[in-house]
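Heads up, upload27.txt below (compact mmCIF, C-alpha atoms):
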```txt
# COMPACT_ATOMS: atom_id res chain seq x y z
CA MET A 12 9.89 -25.63 -8.18
CA ARG A 13 7.30 -27.52 -6.18
CA ASN A 14 4.31 -28.97 -8.01
CA LEU A 15 1.16 -27.06 -7.02
CA THR A 16 -1.32 -29.68 -8.29
CA ASP A 17 -2.08 -30.93 -4.77
CA GLY A 18 -1.98 -27.45 -3.25
CA ARG A 19 0.51 -25.63 -1.10
CA LYS A 20 -0.52 -24.44 2.37
CA LEU A 21 0.63 -20.92 3.23
CA ALA A 22 0.56 -19.34 6.69
CA LEU A 23 0.26 -15.84 5.24
CA LEU A 24 -0.11 -14.30 8.69
CA PRO A 25 0.43 -16.61 11.66
CA GLU A 26 -1.67 -15.61 14.65
CA LEU A 27 -0.79 -11.97 15.31
CA THR A 28 -1.77 -10.41 18.64
CA ILE A 29 -3.03 -6.87 18.13
CA THR A 30 -2.87 -4.25 20.88
CA THR A 31 -2.48 -0.90 19.15
CA ALA A 32 -3.18 0.79 15.84
CA VAL A 33 -0.86 -0.50 13.13
CA ASN A 34 -0.20 1.40 9.91
CA ALA A 35 -0.08 -0.62 6.70
CA THR A 36 2.33 -3.46 7.44
CA ALA A 37 3.31 -6.21 5.02
CA GLY A 38 3.77 -9.80 6.12
CA THR A 39 6.06 -12.50 4.78
CA VAL A 40 6.35 -12.84 1.01
CA PHE A 41 5.63 -16.33 -0.36
CA SER A 42 7.35 -16.75 -3.73
CA GLY A 43 7.84 -19.67 -6.10
CA LEU A 44 4.15 -19.73 -6.98
CA ALA A 45 4.50 -19.45 -10.78
CA GLY A 46 1.63 -21.33 -12.38
CA ILE A 47 -0.81 -20.77 -9.53
CA LYS A 48 -4.37 -21.13 -10.81
CA TYR A 49 -6.44 -20.89 -7.63
CA LEU A 50 -6.00 -19.31 -4.20
CA ILE A 51 -8.36 -19.80 -1.29
CA VAL A 52 -7.80 -17.74 1.85
CA TYR A 53 -9.19 -18.05 5.37
CA ALA A 54 -9.01 -15.05 7.72
CA LYS A 55 -9.89 -15.35 11.41
CA MET A 56 -10.20 -12.57 13.94
CA LYS A 57 -10.42 -13.16 17.69
CA VAL A 58 -11.64 -10.14 19.65
CA GLY A 59 -10.88 -9.06 23.18
CA THR A 60 -12.05 -5.51 23.84
CA GLY A 61 -11.66 -2.10 22.24
CA GLY A 62 -10.41 -1.25 18.80
CA SER A 63 -12.23 -0.05 15.72
CA SER A 64 -11.27 -2.06 12.66
CA ILE A 65 -8.83 -4.55 11.26
CA LYS A 66 -8.29 -4.98 7.53
CA ALA A 67 -6.20 -7.55 5.72
CA TYR A 68 -5.34 -7.30 2.03
CA VAL A 69 -4.06 -10.37 0.20
CA GLN A 70 -1.73 -9.15 -2.51
CA THR A 71 0.14 -10.51 -5.51
CA SER A 72 3.01 -9.17 -7.60
CA LEU A 73 3.66 -9.46 -11.32
CA ASP A 74 7.07 -7.79 -11.31
CA GLY A 75 9.16 -9.68 -8.78
CA GLY A 76 7.80 -7.84 -5.75
CA ALA A 77 8.46 -4.27 -6.88
CA THR A 78 4.73 -3.53 -7.07
CA TRP A 79 1.95 -5.18 -5.03
CA ILE A 80 -1.69 -5.49 -6.13
CA ASP A 81 -4.67 -6.26 -3.89
CA ILE A 82 -6.59 -9.38 -4.92
CA MET A 83 -8.68 -9.87 -1.74
CA SER A 84 -9.74 -7.80 1.21
CA PHE A 85 -11.04 -8.88 4.61
CA ALA A 86 -12.57 -6.26 6.90
CA PHE A 87 -13.39 -6.87 10.57
CA ALA A 88 -14.94 -4.51 13.13
CA ASN A 89 -15.29 -5.32 16.84
CA THR A 90 -16.79 -8.77 16.37
CA ALA A 91 -14.90 -12.04 16.22
CA GLY A 92 -15.36 -13.94 13.01
CA THR A 93 -13.98 -15.90 10.12
CA LYS A 94 -14.15 -15.13 6.43
CA VAL A 95 -13.17 -17.11 3.34
CA SER A 96 -12.49 -15.84 -0.18
CA ALA A 97 -11.07 -17.42 -3.32
CA VAL A 98 -9.70 -16.14 -6.61
CA SER A 99 -9.14 -18.05 -9.83
CA MET A 100 -7.23 -17.59 -13.04
CA ALA A 101 -10.14 -19.32 -14.82
CA VAL A 102 -12.22 -16.14 -14.47
CA ALA A 103 -11.22 -13.30 -16.76
CA LEU A 104 -9.83 -10.12 -15.23
CA ALA A 105 -12.12 -7.18 -16.01
CA ALA A 106 -10.61 -4.92 -18.67
CA ALA A 107 -8.54 -2.00 -17.37
CA THR A 108 -8.92 -3.01 -13.72
CA VAL A 109 -7.34 -0.36 -11.52
CA ALA A 110 -4.61 -1.90 -9.36
CA SER A 111 -4.65 -0.94 -5.69
CA ASP A 112 -2.21 -1.45 -2.81
CA GLY A 113 -4.03 -1.59 0.52
CA ALA A 114 -7.17 0.08 -0.82
CA LEU A 115 -9.42 -2.66 -2.25
CA THR A 116 -13.07 -2.26 -1.23
CA ASP A 117 -13.91 -4.15 1.98
CA ASP A 118 -14.66 -7.86 1.57
CA THR A 119 -14.16 -8.01 -2.19
CA ILE A 120 -11.91 -9.93 -4.60
CA VAL A 121 -10.21 -9.38 -7.97
CA ASN A 122 -10.41 -12.55 -10.07
CA GLY A 123 -8.05 -13.46 -12.90
CA LEU A 124 -4.91 -11.98 -11.36
CA LEU A 125 -2.34 -14.23 -9.67
CA GLY A 126 1.37 -13.54 -9.94
CA ASP A 127 4.25 -15.70 -8.75
CA ARG A 128 4.24 -14.36 -5.17
CA ILE A 129 1.66 -13.62 -2.46
CA ARG A 130 1.66 -11.67 0.80
CA VAL A 131 -0.75 -10.04 3.28
CA LYS A 132 -0.80 -6.36 4.20
CA TYR A 133 -2.77 -5.43 7.32
CA VAL A 134 -3.98 -2.23 8.96
CA THR A 135 -5.61 -1.76 12.36
CA THR A 136 -7.24 1.23 14.03
CA GLY A 137 -7.83 1.76 17.73
CA THR A 138 -6.42 0.17 20.87
CA TYR A 139 -7.17 -3.49 21.62
CA SER A 140 -6.82 -5.64 24.73
CA GLY A 141 -7.87 -9.02 25.99
CA GLY A 142 -6.36 -11.21 23.29
CA THR A 143 -7.39 -9.66 19.98
CA SER A 144 -5.62 -11.45 17.12
CA LEU A 145 -5.69 -11.99 13.37
CA THR A 146 -4.69 -15.12 11.45
CA VAL A 147 -4.62 -15.47 7.64
CA SER A 148 -4.04 -18.85 5.98
CA ALA A 149 -4.19 -19.95 2.34
CA VAL A 150 -4.01 -22.85 -0.06
CA ALA A 151 -2.47 -22.18 -3.47
CA LYS A 152 -3.22 -24.66 -6.24
CA GLY A 153 -1.90 -25.11 -9.73
CA ALA A 154 -3.32 -27.12 -12.63
```
Take the structure I supplied and represent it as structure tokens, if you would.
Amino acid sequence: MRNLTDGRKLALLPELTITTAVNATAGTVFSGLAGIKYLIVYAKMKVGTGGSSIKAYVQTSLDGGATWIDIMSFAFANTAGTKVSAVSMAVALAAATVASDGALTDDTIVNGLLGDRIRVKYVTTGTYSGGTSLTVSAVAKGA
């Protein structure tokens, strides 16, 4: 397994052009992240015209990918923008936290929960044109 001390860059969602509504769709799974201590994620939305909303959920799994749990959410409306969030294992997970899959409150995080794999799930509403796109990148760090 690769040492995560210096960080591992992850293209969770390479630039994705959005034209129509997309139901909850999962991106590529990045595994081999056992020992991850910190995850910082950068989400960027470019807007053409139209559409209503775009949401991206960064998720982790504790059971080999059978179940996915939201740890970050990024919500965008009709305005271009960038957002950054980070989660850490150094912050305790709140007791009896309810796990969600594609339902975490907009622009929030769940600290203290990082499994050995990460992915993005995204949902869009409305019809877009003129080059609307979403990109989600991350850096995963260990010790």
inquiry  = I'd like the contact shell of range 62-71 of chain A - 7 Å cut-off, all atoms listed in the file, skipping same-chain residues fewer than 5 positions apart - returned as a list in words.
reply    =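 The residues that qualify are Trp79, Ile80, Asp81, Ile82, Met83, Ser84, Phe85, Ala86, Phe87, Ala88, Asn89, Gly113, Leu125, Gly126, Arg128, Ile129, Arg130, Val131, Lys132, Tyr133, Val134, Thr135, Thr136, Gly137, Thr138 and Tyr139 of chain A.
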ask   = So how many Å separate CA of Ala22 in chain A and CA of Thr108 in chain A, to one decimal?
value = 27.8 Å
task = Could you jot down the CA of Ser111 in chain A to CA of Thr90 in chain A separation for me, Å, one decimal place?
result =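 Computed distance, CA of Ser111 in chain A to CA of Thr90 in chain A, equals 26.4 Å.
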Starting from 8 Å padding per side, set up an axis-aligned box that covers all listed atoms of range 41-55 of chain A and hand over centre and edge lengths in Å, one decimal, as lines of an AutoDock Vina configuration file.
```
center_x = -1.0
center_y = -18.2
center_z = -0.5
size_x = 33.7
size_y = 22.3
size_z = 39.8
```
key: Atom-to-atom span, CA of Gly142 in chain A and CA of Thr36 in chain A, Å   =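 According to the coordinates, CA of Gly142 in chain A and CA of Thr36 in chain A are separated by 19.7 Å.
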